[in-house]
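Peer 1: If it helps, the file is called input_16.cif and holds mmCIF, C-alpha atoms and all ligand atoms:
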data_start
#
loop_
_atom_site.label_atom_id
_atom_site.label_comp_id
_atom_site.auth_asym_id
_atom_site.auth_seq_id
_atom_site.Cartn_x
_atom_site.Cartn_y
_atom_site.Cartn_z
CA MET A 22 179.84 117.05 19.22
CA ASN A 23 180.11 113.25 18.97
CA ASP A 24 179.40 111.14 22.02
CA ILE A 25 182.45 110.66 24.22
CA HIS A 26 182.45 107.31 25.99
CA VAL A 27 184.50 106.29 28.99
CA THR A 28 186.67 104.26 26.65
CA GLU A 29 186.99 103.28 23.02
CA PRO A 30 188.39 99.94 21.96
CA PHE A 31 192.00 100.23 20.88
CA LEU A 32 192.51 98.66 17.42
CA PRO A 33 195.38 98.47 14.90
CA PRO A 34 194.84 99.52 11.26
CA LEU A 35 192.42 97.04 9.61
CA GLU A 36 194.76 96.34 6.70
CA ASP A 37 197.37 95.07 9.16
CA PHE A 38 194.89 92.44 10.39
CA LEU A 39 193.85 91.12 6.96
CA PRO A 40 196.94 88.92 6.34
CA SER A 41 196.31 87.05 9.63
CA LEU A 42 192.66 86.65 8.70
CA GLN A 43 193.65 85.13 5.37
CA LYS A 44 196.08 82.74 7.05
CA ILE A 45 193.42 81.50 9.46
CA TRP A 46 190.89 81.14 6.63
CA HIS A 47 193.24 79.09 4.46
CA SER A 48 194.64 76.94 7.28
CA ARG A 49 191.16 76.04 8.57
CA ARG A 50 192.57 76.17 12.11
CA LEU A 51 190.09 78.39 13.90
CA THR A 52 190.70 77.43 17.52
CA ASN A 53 191.98 74.61 19.81
CA GLY A 54 195.48 75.95 20.36
CA GLY A 55 196.47 76.75 16.78
CA PRO A 56 199.66 78.54 15.66
CA PHE A 57 198.43 82.06 16.54
CA HIS A 58 197.46 80.90 20.04
CA GLU A 59 200.88 79.34 20.54
CA GLN A 60 202.75 82.37 19.23
CA PHE A 61 200.67 84.87 21.19
CA GLU A 62 201.13 82.95 24.45
CA LYS A 63 204.89 83.11 23.93
CA GLU A 64 205.13 86.76 22.88
CA LEU A 65 202.69 87.95 25.53
CA ALA A 66 204.63 86.24 28.33
CA GLU A 67 207.79 87.89 27.00
CA TYR A 68 206.14 91.30 26.80
CA LEU A 69 204.71 91.05 30.31
CA GLY A 70 207.94 89.72 31.79
CA VAL A 71 206.42 86.50 33.16
CA THR A 72 207.50 82.90 32.57
CA HIS A 73 204.17 81.09 32.03
CA LEU A 74 200.65 82.07 31.07
CA SER A 75 197.57 80.41 29.67
CA LEU A 76 195.24 82.26 27.27
CA PHE A 77 191.47 82.28 27.79
CA ALA A 78 188.30 83.21 25.92
CA ASN A 79 187.62 85.92 28.53
CA GLY A 80 188.67 87.07 31.98
CA THR A 81 185.66 85.63 33.78
CA LEU A 82 186.33 82.07 32.59
CA ALA A 83 189.97 82.60 33.56
CA LEU A 84 188.94 83.63 37.11
CA ILE A 85 186.58 80.65 37.45
CA THR A 86 189.30 78.29 36.19
CA ALA A 87 192.01 79.80 38.41
CA LEU A 88 189.89 78.97 41.48
CA GLN A 89 189.38 75.44 40.14
CA ALA A 90 193.06 75.00 39.40
CA LEU A 91 194.00 75.71 43.03
CA ARG A 92 191.11 73.57 44.36
CA VAL A 93 189.85 76.46 46.50
CA THR A 94 187.03 75.54 48.92
CA GLY A 95 184.86 77.19 51.59
CA GLU A 96 185.24 80.94 52.12
CA VAL A 97 187.23 83.40 50.03
CA ILE A 98 188.05 86.91 51.20
CA THR A 99 187.52 89.55 48.54
CA THR A 100 186.66 93.19 47.86
CA PRO A 101 183.18 94.60 47.23
CA TYR A 102 184.74 97.44 45.21
CA SER A 103 185.15 95.76 41.82
CA PHE A 104 183.33 94.53 38.74
CA ALA A 105 180.62 91.89 39.32
CA ALA A 106 182.75 89.11 37.75
CA THR A 107 185.17 89.09 40.70
CA ALA A 108 182.61 87.77 43.21
CA HIS A 109 180.55 85.93 40.58
CA SER A 110 183.57 83.71 39.88
CA LEU A 111 183.27 82.52 43.50
CA LEU A 112 179.57 81.71 43.24
CA TRP A 113 180.22 79.76 40.02
CA ASN A 114 182.59 77.60 42.09
CA GLY A 115 180.15 77.16 44.97
CA LEU A 116 182.40 79.31 47.18
CA GLN A 117 181.32 81.80 49.83
CA PRO A 118 182.54 85.36 49.26
CA VAL A 119 183.53 87.26 52.40
CA PHE A 120 183.73 91.00 51.71
CA VAL A 121 186.17 93.22 53.55
CA ASP A 122 186.60 96.97 53.33
CA ILE A 123 189.04 98.82 51.08
CA ASP A 124 191.76 101.33 51.78
CA PRO A 125 190.17 104.68 50.88
CA LEU A 126 193.29 105.95 49.09
CA SER A 127 194.40 102.97 47.01
CA ARG A 128 190.81 101.64 46.74
CA ASN A 129 192.30 98.15 47.11
CA ILE A 130 191.43 95.59 49.77
CA ASN A 131 192.69 96.64 53.22
CA PRO A 132 195.13 93.95 54.48
CA ASP A 133 194.30 94.72 58.15
CA LYS A 134 190.69 93.80 57.47
CA ILE A 135 191.67 90.56 55.72
CA GLU A 136 193.16 89.16 58.89
CA GLU A 137 190.03 89.97 60.91
CA ALA A 138 187.84 88.11 58.40
CA ILE A 139 189.74 84.78 58.42
CA THR A 140 187.78 81.80 59.79
CA PRO A 141 188.57 78.06 59.83
CA LYS A 142 186.72 77.83 56.48
CA THR A 143 188.86 80.46 54.71
CA THR A 144 191.11 78.97 52.02
CA ALA A 145 191.93 81.88 49.73
CA ILE A 146 192.08 85.63 49.13
CA LEU A 147 190.85 87.20 45.87
CA PRO A 148 192.08 90.82 45.77
CA VAL A 149 191.76 93.18 42.80
CA HIS A 150 194.41 95.63 41.56
CA CYS A 151 191.72 98.28 41.26
CA TYR A 152 192.29 100.62 38.27
CA GLY A 153 195.66 98.85 37.88
CA ILE A 154 197.03 100.33 41.14
CA PRO A 155 199.02 97.51 42.83
CA CYS A 156 197.66 95.88 45.98
CA ASP A 157 199.88 95.69 49.04
CA PHE A 158 201.16 92.23 48.06
CA GLN A 159 203.88 92.27 50.68
CA ARG A 160 201.27 92.31 53.46
CA ILE A 161 198.81 90.09 51.63
CA GLY A 162 201.57 87.55 50.99
CA GLU A 163 202.58 87.53 54.67
CA ILE A 164 198.97 86.97 55.79
CA ALA A 165 198.55 84.18 53.22
CA ASP A 166 201.74 82.48 54.42
CA THR A 167 200.77 82.78 58.09
CA TYR A 168 197.32 81.27 57.60
CA GLY A 169 198.11 78.92 54.71
CA LEU A 170 195.83 80.67 52.21
CA LYS A 171 196.02 80.81 48.41
CA VAL A 172 196.07 84.22 46.71
CA ILE A 173 194.54 84.84 43.29
CA TYR A 174 194.83 88.41 42.02
CA ASP A 175 192.09 89.73 39.76
CA ALA A 176 194.48 91.73 37.58
CA ALA A 177 191.88 92.59 34.92
CA HIS A 178 192.94 96.26 35.14
CA ALA A 179 196.65 95.67 35.54
CA PHE A 180 197.97 94.88 32.06
CA GLY A 181 201.62 95.91 31.83
CA VAL A 182 201.84 97.46 35.32
CA THR A 183 205.27 97.12 36.94
CA GLN A 184 206.58 97.94 40.40
CA ASN A 185 210.31 98.59 40.84
CA GLY A 186 210.71 97.36 37.26
CA GLN A 187 209.02 93.99 37.85
CA SER A 188 205.62 92.86 36.58
CA ILE A 189 203.08 92.86 39.42
CA LEU A 190 201.49 89.78 37.80
CA VAL A 191 204.05 87.44 39.41
CA ASN A 192 202.62 88.03 42.89
CA GLY A 193 200.37 85.54 44.67
CA ASP A 194 199.66 82.03 43.40
CA LEU A 195 197.94 83.13 40.18
CA SER A 196 196.98 86.41 38.47
CA VAL A 197 194.13 86.83 36.01
CA LEU A 198 194.02 89.32 33.11
CA SER A 199 191.09 90.43 30.94
CA PHE A 200 191.46 91.45 27.29
CA HIS A 201 187.85 92.57 26.89
CA ALA A 202 187.24 95.26 24.27
CA THR A 203 186.98 97.94 26.97
CA LYS A 204 190.29 97.12 28.62
CA VAL A 205 193.70 98.74 27.99
CA PHE A 206 194.76 95.78 25.84
CA ASN A 207 192.06 93.86 23.97
CA THR A 208 191.70 90.76 21.81
CA PHE A 209 187.96 91.48 21.12
CA GLU A 210 187.25 89.25 24.12
CA GLY A 211 190.00 87.41 25.96
CA GLY A 212 191.88 86.78 29.15
CA ALA A 213 194.83 84.93 30.66
CA ILE A 214 196.07 83.28 33.82
CA ILE A 215 199.66 84.04 34.81
CA CYS A 216 201.19 80.87 36.32
CA PRO A 217 204.40 80.44 38.33
CA ASP A 218 205.45 77.11 36.79
CA ALA A 219 204.88 74.65 33.96
CA LYS A 220 203.06 72.16 36.19
CA ILE A 221 200.23 74.47 37.18
CA LYS A 222 200.06 75.78 33.59
CA GLN A 223 199.56 72.19 32.45
CA ARG A 224 196.63 71.75 34.85
CA ILE A 225 195.11 75.05 33.74
CA ASP A 226 195.53 74.09 30.07
CA TYR A 227 193.65 70.83 30.75
CA LEU A 228 190.92 72.66 32.65
CA LYS A 229 190.27 75.17 29.86
CA ASN A 230 189.85 72.33 27.35
CA PHE A 231 187.21 70.15 29.09
CA GLY A 232 189.93 68.40 31.11
CA PHE A 233 191.36 66.59 28.05
CA ALA A 234 194.92 65.38 28.65
CA GLY A 235 194.99 63.31 25.45
CA GLU A 236 192.63 62.12 22.74
CA THR A 237 190.70 59.81 25.06
CA THR A 238 191.89 60.85 28.53
CA VAL A 239 189.92 63.34 30.63
CA VAL A 240 191.59 64.22 33.95
CA ALA A 241 189.29 66.92 35.34
CA PRO A 242 185.78 68.34 34.89
CA GLY A 243 187.09 71.15 32.72
CA ILE A 244 185.29 73.90 30.89
CA ASN A 245 185.60 75.40 27.41
CA GLY A 246 187.76 78.46 28.11
CA LYS A 247 190.02 78.45 25.05
CA MET A 248 190.99 81.59 23.16
CA ASN A 249 190.27 81.32 19.42
CA GLU A 250 192.75 82.01 16.62
CA PHE A 251 191.19 85.34 15.59
CA SER A 252 191.58 86.79 19.06
CA ALA A 253 195.12 85.43 19.36
CA ALA A 254 196.04 86.93 15.96
CA LEU A 255 194.65 90.31 17.02
CA GLY A 256 196.55 90.04 20.31
CA LEU A 257 199.83 89.51 18.45
CA LEU A 258 199.18 92.62 16.41
CA GLN A 259 198.10 94.66 19.45
CA LEU A 260 201.45 93.90 21.10
CA LYS A 261 203.18 95.93 18.37
CA HIS A 262 201.12 99.01 19.26
CA ILE A 263 200.53 98.72 22.99
CA ASP A 264 203.51 100.80 24.12
CA GLU A 265 202.35 103.70 21.96
CA ALA A 266 198.79 103.30 23.28
CA LEU A 267 200.05 103.39 26.88
CA ARG A 268 202.09 106.50 26.11
CA LEU A 269 199.05 108.28 24.67
CA ARG A 270 196.94 107.27 27.68
CA ALA A 271 199.58 108.76 29.99
CA GLU A 272 199.36 112.02 28.02
CA VAL A 273 195.58 112.17 28.40
CA PHE A 274 195.91 111.51 32.13
CA ARG A 275 198.54 114.25 32.53
CA HIS A 276 196.30 116.69 30.72
CA TYR A 277 193.45 115.94 33.16
CA ALA A 278 195.87 116.22 36.11
CA GLU A 279 197.15 119.57 34.87
CA ARG A 280 193.66 120.95 34.32
CA LEU A 281 192.26 119.70 37.64
CA LYS A 282 195.22 120.40 39.91
CA GLU A 283 193.69 123.66 41.19
CA ALA A 284 190.32 122.03 41.87
CA ASP A 285 190.60 121.31 45.60
CA SER A 286 187.26 119.53 45.72
CA ILE A 287 188.32 116.95 43.11
CA GLU A 288 190.89 114.27 43.87
CA MET A 289 192.68 112.27 41.19
CA ALA A 290 194.14 108.76 41.60
CA ALA A 291 197.34 108.57 43.65
CA ILE A 292 199.97 106.57 41.76
CA PRO A 293 202.67 105.06 44.00
CA ALA A 294 206.13 106.40 43.15
CA ASP A 295 207.65 102.95 42.53
CA THR A 296 204.91 102.01 40.05
CA ALA A 297 204.86 102.23 36.24
CA TRP A 298 201.10 102.51 35.86
CA ASN A 299 199.02 101.77 32.72
CA TYR A 300 196.57 104.70 32.97
CA SER A 301 193.75 102.22 32.49
CA TYR A 302 191.16 104.45 34.19
CA CYS A 303 190.86 108.06 35.22
CA PRO A 304 188.89 108.00 38.48
CA ILE A 305 188.11 111.30 40.18
CA TYR A 306 186.81 111.50 43.75
CA VAL A 307 184.18 114.22 44.07
CA LYS A 308 184.61 115.52 47.63
CA PRO A 309 181.58 116.55 49.74
CA GLU A 310 182.58 120.22 49.40
CA HIS A 311 182.40 120.13 45.59
CA PRO A 312 179.56 122.45 44.48
CA VAL A 313 177.66 119.55 42.87
CA SER A 314 177.44 115.88 43.84
CA ARG A 315 178.97 113.02 41.84
CA ASP A 316 175.55 112.03 40.49
CA GLU A 317 174.72 115.61 39.51
CA LEU A 318 178.04 115.91 37.71
CA TYR A 319 177.39 112.56 36.01
CA ALA A 320 173.96 113.76 34.86
CA ARG A 321 175.35 117.08 33.55
CA MET A 322 177.97 115.25 31.51
CA LYS A 323 175.35 112.87 30.10
CA GLU A 324 173.35 115.91 28.92
CA LYS A 325 176.41 116.96 26.91
CA ASN A 326 176.81 113.44 25.43
CA ILE A 327 179.79 112.67 27.62
CA HIS A 328 179.56 109.24 29.26
CA PRO A 329 181.79 108.79 32.29
CA ARG A 330 181.16 105.65 34.38
CA ARG A 331 180.52 105.22 38.09
CA TYR A 332 183.10 102.45 38.53
CA PHE A 333 182.35 100.95 41.01
CA TYR A 334 178.78 101.74 41.93
CA PRO A 335 176.83 99.96 43.29
CA LEU A 336 179.15 97.82 45.37
CA ILE A 337 179.11 94.10 44.47
CA SER A 338 177.91 93.43 48.02
CA ASP A 339 174.71 95.39 47.25
CA PHE A 340 173.66 93.06 44.42
CA PRO A 341 170.74 90.81 45.40
CA MET A 342 172.75 87.57 45.39
CA TYR A 343 175.24 89.01 47.92
CA ARG A 344 173.44 91.51 50.12
CA ALA A 345 172.19 88.93 52.65
CA HIS A 346 175.77 87.86 53.47
CA ALA A 347 176.90 88.99 56.93
CA SER A 348 180.01 90.59 55.42
CA ALA A 349 177.85 92.73 53.08
CA ALA A 350 176.56 94.76 56.07
CA VAL A 351 176.84 98.50 55.58
CA GLY A 352 178.98 99.04 58.70
CA ASN A 353 181.55 96.48 57.50
CA LEU A 354 182.28 98.32 54.24
CA ARG A 355 182.32 101.97 55.25
CA HIS A 356 185.18 103.16 53.04
CA ALA A 357 184.06 101.14 50.03
CA ARG A 358 180.62 102.71 50.25
CA ALA A 359 181.96 106.26 50.66
CA VAL A 360 184.21 105.89 47.62
CA SER A 361 181.49 104.18 45.59
CA ASP A 362 179.15 107.14 46.22
CA ARG A 363 181.69 109.77 45.11
CA ILE A 364 183.80 108.20 42.37
CA LEU A 365 183.54 109.00 38.67
CA CYS A 366 185.73 107.47 35.97
CA LEU A 367 186.38 110.03 33.25
CA PRO A 368 186.85 109.12 29.58
CA ILE A 369 190.40 107.99 28.86
CA TYR A 370 191.71 106.29 25.70
CA PRO A 371 194.58 106.87 23.26
CA SER A 372 192.60 108.87 20.69
CA LEU A 373 190.84 111.20 23.18
CA LYS A 374 191.67 114.74 22.02
CA PRO A 375 193.05 117.51 24.26
CA GLU A 376 190.01 119.69 23.36
CA GLU A 377 187.73 116.93 24.58
CA VAL A 378 189.61 116.71 27.87
CA ASP A 379 189.26 120.51 28.16
CA THR A 380 185.50 120.33 27.58
CA ILE A 381 185.16 117.67 30.30
CA CYS A 382 187.30 119.67 32.75
CA ASP A 383 185.31 122.84 32.04
CA LEU A 384 182.14 120.96 32.96
CA ILE A 385 183.69 119.67 36.19
CA GLN A 386 184.79 123.17 37.20
CA GLU A 387 181.64 124.95 36.09
C1 LIG B 1 186.58 93.23 33.06
C2 LIG B 1 186.75 92.63 34.41
C3 LIG B 1 186.58 91.25 34.64
C4 LIG B 1 186.01 90.30 33.62
O1 LIG B 1 186.71 90.19 32.46
P1 LIG B 1 185.98 89.74 31.11
O2 LIG B 1 187.11 89.54 30.17
O3 LIG B 1 185.07 90.85 30.71
O4 LIG B 1 185.24 88.47 31.39
C5 LIG B 1 186.88 90.76 35.90
N1 LIG B 1 187.27 91.56 36.90
C6 LIG B 1 187.42 92.89 36.73
C7 LIG B 1 187.89 93.72 37.87
C8 LIG B 1 187.13 93.47 35.49
O5 LIG B 1 187.23 94.79 35.33
#
Can you present the structure in this file as structure tokens?
Ligand SMILES: *Cc1c(COP(=O)(O)O)cnc(C)c1O

Peer 2:
Amino acid sequence: MNDIHVTEPFLPPLEDFLPSLQKIWHSRRLTNGGPFHEQFEKELAEYLGVTHLSLFANGTLALITALQALRVTGEVITTPYSFAATAHSLLWNGLQPVFVDIDPLSRNINPDKIEEAITPKTTAILPVHCYGIPCDFQRIGEIADTYGLKVIYDAAHAFGVTQNGQSILVNGDLSVLSFHATKVFNTFEGGAIICPDAKIKQRIDYLKNFGFAGETTVVAPGINGKMNEFSAALGLLQLKHIDEALRLRAEVFRHYAERLKEADSIEMAAIPADTAWNYSYCPIYVKPEHPVSRDELYARMKEKNIHPRRYFYPLISDFPMYRAHASAAVGNLRHARAVSDRILCLPIYPSLKPEEVDTICDLIQE
């Protein structure tokens, strides 16, 4: 059997991409906001149901720039249960991450803990829609309003997710997407910041292009965060296929759910009823009473050339550049640690075959 990875990049037929490639080649416009960039920005905003967005070379540069755009200072409250880039974007801005525990069911930041962690130095909250499951933005928004904090959502997992028919990307001050090859929607590498108005988009557009506001005018110490024309052209093409890809992902997830519904010692992700989810990940929680531990199960799958991932293990707060922080203390992050020790993300992607899902479920139930 071929190796089964946790995900496979979703790509359109190669011949569909060749005409765009030829256009870029002949036009000699490779980057710097060319026609594909402009078109993709427009069509993506339409698809996502948002008014303004700014494309980026990747999600990490978008996160770093989002913090710059809002002039965030001091301490930022965030979750330890995420990919390294979430907290790294704070260090790259000279900001102090303050970790708070997660809700064990949603695996998102626990709003009650946010309030306890606010100090006079706190200026922002950086939550993550973990696995694309929406944060409690009602509560987070109320806390932010009460204490005058900015909210930037790391929405790297949340492409296309809606709640009560509305995109969840319009919540908070800014939301950041990633279009990395391993994500639900990819542009090889890429990302975006969702902005509420044209003014903040303008500032973000300056910041991602070295701060240039004209040929000779530089208004901010910007970075090079621009998406190139090849990625934008791929993005445009991906938009034509994304609904089908999401449908196929949902089918894979339902197959897992059907197969594992009798397994009392395995818990699948709980999707809120009002949410149209994107099936970006398939996390299972291996309960203590399961005959084998998460790591044992992981090792057994590896032996059979199946490569699930322990997202997210270790916690960000356990990395050497964070573990000395007071908020990284074990007792402060009890739920995050418990989930991190028992979670396993199973392979899920549009072309994963039902037989492959069966093989994986057989191994889990063995
Ligand atoms: C993938 C990811 C990022 C980083 O995005 P890149 O496009 O890879 O730079 C940030 N946060 C989370 C939660 C991610 O999963």

Peer 1: Using all atoms listed in the file, which protein or nucleic acid residues come within 8 Å of range 190-204 of chain A? Drop anything in the same chain fewer than 5 positions from it, and give the result as number ranges by chain.

Peer 2: A: 28-31, 71, 79-81, 83-84, 87, 158, 162, 171-180, 209-217, 301

Peer 1: For Asp264 in chain A, find every residue with an atom within 12 Å (counting all atoms listed in the file), except residues of its own chain fewer than 2 positions away, and show them as an mmCIF file with C-alpha atoms, in the frame of the given file.

Peer 2:
data_model
loop_
_atom_site.group_PDB
_atom_site.id
_atom_site.type_symbol
_atom_site.label_atom_id
_atom_site.label_comp_id
_atom_site.auth_asym_id
_atom_site.auth_seq_id
_atom_site.Cartn_x
_atom_site.Cartn_y
_atom_site.Cartn_z
ATOM 1 C CA PHE A 31 192.000 100.230 20.880
ATOM 2 C CA TYR A 68 206.140 91.300 26.800
ATOM 3 C CA LEU A 69 204.710 91.050 30.310
ATOM 4 C CA PHE A 180 197.970 94.880 32.060
ATOM 5 C CA GLY A 181 201.620 95.910 31.830
ATOM 6 C CA VAL A 182 201.840 97.460 35.320
ATOM 7 C CA VAL A 205 193.700 98.740 27.990
ATOM 8 C CA PHE A 206 194.760 95.780 25.840
ATOM 9 C CA GLN A 259 198.100 94.660 19.450
ATOM 10 C CA LEU A 260 201.450 93.900 21.100
ATOM 11 C CA LYS A 261 203.180 95.930 18.370
ATOM 12 C CA HIS A 262 201.120 99.010 19.260
ATOM 13 C CA ALA A 266 198.790 103.300 23.280
ATOM 14 C CA LEU A 267 200.050 103.390 26.880
ATOM 15 C CA ARG A 268 202.090 106.500 26.110
ATOM 16 C CA LEU A 269 199.050 108.280 24.670
ATOM 17 C CA ARG A 270 196.940 107.270 27.680
ATOM 18 C CA ALA A 271 199.580 108.760 29.990
ATOM 19 C CA ASN A 299 199.020 101.770 32.720
ATOM 20 C CA TYR A 300 196.570 104.700 32.970
ATOM 21 C CA PRO A 371 194.580 106.870 23.260
#

Peer 1: Any idea what the distance is between CA of Lys220 in chain A and CA of His58 in chain A?

Peer 2: 19.2 Å

Peer 1: Ranking A:Asn230, A:Asn129, A:Thr183, A:Thr380 by minimum distance to ligand LIG 1 (chain B) and counting only C-alpha atoms and all ligand atoms, which one comes first?

Peer 2: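 Ranking A:Asn230, A:Asn129, A:Thr183, A:Thr380 by distance to ligand LIG 1 (chain B), first place goes to A:Asn129.
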
Peer 1: Kindly give the distance, in Å, that separates atom O2 of ligand LIG 1 (chain B) and CA of Phe77 in chain A, rounded to a single decimal.

Peer 2: 8.8 Å

Peer 1: In Å, how far is it from CA of Leu91 in chain A to CA of Pro155 in chain A?

Peer 2: 22.4 Å

Peer 1: Find the spatial neighbours of Asn131 in chain A, counting only C-alpha atoms, within a cut-off of 9 Å - ignore same-chain residues fewer than 2 positions away - and output them as a PDB file with C-alpha atoms, in the frame of the given file.

Peer 2:
ATOM      1  CA  THR A 100     186.660  93.190  47.860  1.00  0.00           C
ATOM      2  CA  VAL A 121     186.170  93.220  53.550  1.00  0.00           C
ATOM      3  CA  ASP A 122     186.600  96.970  53.330  1.00  0.00           C
ATOM      4  CA  ILE A 123     189.040  98.820  51.080  1.00  0.00           C
ATOM      5  CA  ASP A 124     191.760 101.330  51.780  1.00  0.00           C
ATOM      6  CA  PRO A 125     190.170 104.680  50.880  1.00  0.00           C
ATOM      7  CA  ARG A 128     190.810 101.640  46.740  1.00  0.00           C
ATOM      8  CA  ASN A 129     192.300  98.150  47.110  1.00  0.00           C
ATOM      9  CA  ASP A 133     194.300  94.720  58.150  1.00  0.00           C
ATOM     10  CA  LYS A 134     190.690  93.800  57.470  1.00  0.00           C
ATOM     11  CA  ILE A 135     191.670  90.560  55.720  1.00  0.00           C
ATOM     12  CA  CYS A 156     197.660  95.880  45.980  1.00  0.00           C
ATOM     13  CA  ASP A 157     199.880  95.690  49.040  1.00  0.00           C
TER      14      ASP A 157
END

Peer 1: Between A:Tyr277, A:Glu288, A:Leu116, A:Thr99, single out the one closest to ligand LIG 1 (chain B), counting only C-alpha atoms and all ligand atoms.

Peer 2: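 Under the stated criterion, the closest residue is A:Thr99.
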
Peer 1: For Gly70 in chain A, please output as a ChimeraX atom specification all residues within 8 Å (counting all atoms listed in the file; exclusion window: fewer than 2 positions along the same chain).

Peer 2: /A:66-68,72,187-188

Peer 1: Report, as AutoDock Vina command-line options, the centre and edge lengths in Å (one decimal) of the axis-aligned box enclosing every listed atom of ligand LIG 1 (chain B), padded by 6 Å on each side.

Peer 2:
--center_x 186.5 --center_y 91.6 --center_z 34.0 --size_x 14.8 --size_y 18.3 --size_z 19.7

Peer 1: What's the 8 Å shell around range 22-27 of chain A, counting only C-alpha atoms, without same-chain residues fewer than 2 positions away, as a ChimeraX atom specification?

Peer 2: /A:29,326-330,366-370

Peer 1: Restricting the calculation to only C-alpha atoms and all ligand atoms, which member of A:Ile161, A:Met248, A:Leu228, A:Val93 is positioned closest to ligand LIG 1 (chain B)?

Peer 2: A:Met248

Peer 1: Taking (177.3, 96.1, 46.7) in the coordinates of the supplied file, I want to know which residues reach to within 10 Å of it, counting all atoms listed in the file; could you give the answer as a PyMOL selection string?

Peer 2: chain A and resi 100-103+105+120+333-344+349-351+354+357-358+361

Peer 1: Nearest to Gly95 in chain A among A:Leu82, A:Ile146, A:Leu76, A:Glu64, with distances taken over all atoms listed in the file: which residue is it?

Peer 2: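 Using all atoms listed in the file, the shortest distance to Gly95 in chain A belongs to A:Ile146.
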
Peer 1: List every protein, DNA or RNA residue with an atom no more than 12 Å from (186.2, 85.1, 58.3) in the file's coordinates, counting all atoms listed in the file, and format the result as an NGL selection string.

Peer 2: :A and (95-99 or 117-121 or 134-146 or 168 or 346-348)

Peer 1: Between A:Tyr332, A:Leu51, A:Asp316, A:Asn353, which residue has the minimum interatomic distance to ligand LIG 1 (chain B), considering only C-alpha atoms and all ligand atoms?

Peer 2: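 Nearest to ligand LIG 1 (chain B): A:Tyr332.
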